[in-house]
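Structure first, then comments.
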Amino acid sequence: MPDILHRVGIRSQSMQPVYHALTTQAGLAGWWTSNTQGEGDQVGNIIEFRFGAGGFDMKVAALEEPNTVLWELADGPPEWMGTTISFELRQEDQYVILIFKHANWKEPVEFMHHCSTKWAVFLLSLKSLIEEGEGKPDPRDIKIDNWN
């Protein structure tokens, strides 16, 4: 099965701010979509993410503070059903290295290519949130096509 993979270095002396941005409503709304409901700080929680073009519900499947966040898709587009999203963090000098994986796509359809680009846009928004204090979540993100 194909996966979307990204690696981003985020200038931070600690993994905690990045982990916080991945596990709290305020943090997630600060880089992915401003229309976020729910907290990602407990395994089993459902987080609702809404965008102009639709939305996703993610179930928090695993947490290992401050290193790992794993989500399973609870509801969303058919292409995402059965997929998981993981964020692995490690400290390297003055950077937090984020290894991102959107795994278990059934096939590399065109929508997967779109999502790969959008994940890159949003991960750079996360980088901006931590480094500069402000991200660019939906609806202020970079739009790349008619799917947004």
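Ordering of the structure tokens sets the chain letters (A, B, ...), residue numbers begin anew at 1 in every chain, and ligands are numbered from 1 in the order given.
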Output as CSV one row per residue of stretch 72-97 of chain A within 12 Å of stretch 112-116 of chain A: the closest atom pair and its distance in Å to one decimal place, counting only C-alpha atoms, sorted by chain and residue number ascending.
residue,atom,partner,partner_atom,distance
A:Pro77,CA,A:Met112,CA,11.3
A:Pro78,CA,A:Met112,CA,11.5
A:Glu79,CA,A:Met112,CA,8.0
A:Trp80,CA,A:Met112,CA,8.9
A:Thr83,CA,A:Met112,CA,11.4
Just want the 6 Å neighbourhood of stretch 68-74 of chain A, counted on only C-alpha atoms, with same-chain residues fewer than 6 positions away dropped. Output as a list of chain:residue names.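 Returned residues: A:Asp57, A:Met58, A:Lys59, A:Val60, A:Ala61, A:Ala62, A:Thr84, A:Ile85, A:Ser86, A:Phe87, A:Glu88.
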Please measure the separation of atom CA of A:Gly135 and atom CA of A:Gly40, giving the value in Å to one decimal.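 Here the two named atoms are 18.4 Å from each other.
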With distances taken over only C-alpha atoms, which of A:Ile46, A:Leu22, A:Ile99, A:Ala53 is nearest to A:Ile4? A:Ile99
Mind checking which residues fall within 7 Å of A:Arg11, counting only C-alpha atoms, ignoring those fewer than 4 positions away in the same chain, and posting them as a compact mmCIF listing (two decimals) with C-alpha atoms, in the first residue's frame?
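And here's out_1.txt as it stands now:
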# COMPACT_ATOMS: atom_id res chain seq x y z
CA GLN A 94 17.93 23.13 18.08
CA TYR A 95 15.41 21.32 15.83
CA VAL A 96 12.49 19.03 16.43
CA GLU A 131 8.82 29.15 14.93
Could you give me, as a PDB file with C-alpha atoms, in the first residue's frame, each residue of stretch 6-127 of chain A that DSSP assigns to helix (DSSP H, G or I) when run on this structure's backbone?
ATOM      1  CA  GLN A  16       6.696  19.910  23.920  1.00  0.00           C
ATOM      2  CA  PRO A  17       5.370  22.860  21.840  1.00  0.00           C
ATOM      3  CA  VAL A  18       5.161  20.658  18.742  1.00  0.00           C
ATOM      4  CA  TYR A  19       3.475  17.830  20.653  1.00  0.00           C
ATOM      5  CA  HIS A  20       1.031  20.388  22.125  1.00  0.00           C
ATOM      6  CA  ALA A  21       0.217  21.654  18.593  1.00  0.00           C
ATOM      7  CA  LEU A  22      -0.619  18.056  17.596  1.00  0.00           C
ATOM      8  CA  THR A  23      -2.759  17.168  20.615  1.00  0.00           C
ATOM      9  CA  GLN A  25      -7.768  21.891  19.895  1.00  0.00           C
ATOM     10  CA  ALA A  26      -6.024  25.280  19.974  1.00  0.00           C
ATOM     11  CA  GLY A  27      -2.813  23.799  18.608  1.00  0.00           C
ATOM     12  CA  LEU A  28      -4.502  21.897  15.772  1.00  0.00           C
ATOM     13  CA  ALA A  29      -6.651  24.915  14.877  1.00  0.00           C
ATOM     14  CA  PRO A  78     -13.587   7.034   0.757  1.00  0.00           C
ATOM     15  CA  GLU A  79      -9.933   7.262  -0.336  1.00  0.00           C
ATOM     16  CA  TRP A  80      -8.909   7.903   3.301  1.00  0.00           C
ATOM     17  CA  GLU A 110      -4.725  11.470  -8.056  1.00  0.00           C
ATOM     18  CA  PHE A 111      -6.384  12.574  -4.800  1.00  0.00           C
ATOM     19  CA  MET A 112      -3.424  11.050  -2.936  1.00  0.00           C
ATOM     20  CA  HIS A 113      -1.060  13.312  -4.893  1.00  0.00           C
ATOM     21  CA  HIS A 114      -3.229  16.300  -3.993  1.00  0.00           C
ATOM     22  CA  CYS A 115      -3.254  15.289  -0.313  1.00  0.00           C
ATOM     23  CA  SER A 116       0.529  14.871  -0.299  1.00  0.00           C
ATOM     24  CA  THR A 117       0.971  18.451  -1.470  1.00  0.00           C
ATOM     25  CA  LYS A 118      -1.612  19.746   1.014  1.00  0.00           C
ATOM     26  CA  TRP A 119       0.041  17.851   3.876  1.00  0.00           C
ATOM     27  CA  ALA A 120       3.294  19.604   2.964  1.00  0.00           C
ATOM     28  CA  VAL A 121       1.491  22.963   3.010  1.00  0.00           C
ATOM     29  CA  PHE A 122      -0.017  22.249   6.433  1.00  0.00           C
ATOM     30  CA  LEU A 123       3.196  20.843   7.921  1.00  0.00           C
ATOM     31  CA  LEU A 124       4.938  24.069   6.894  1.00  0.00           C
ATOM     32  CA  SER A 125       2.054  25.886   8.601  1.00  0.00           C
ATOM     33  CA  LEU A 126       2.867  23.890  11.760  1.00  0.00           C
ATOM     34  CA  LYS A 127       6.517  24.917  11.387  1.00  0.00           C
TER      35      LYS A 127
END
Name the closest residue to A:Leu89 among the candidates A:Phe49, A:Val43, A:Pro2, A:Gly9; distances are taken between atoms, counting only C-alpha atoms. A:Gly9
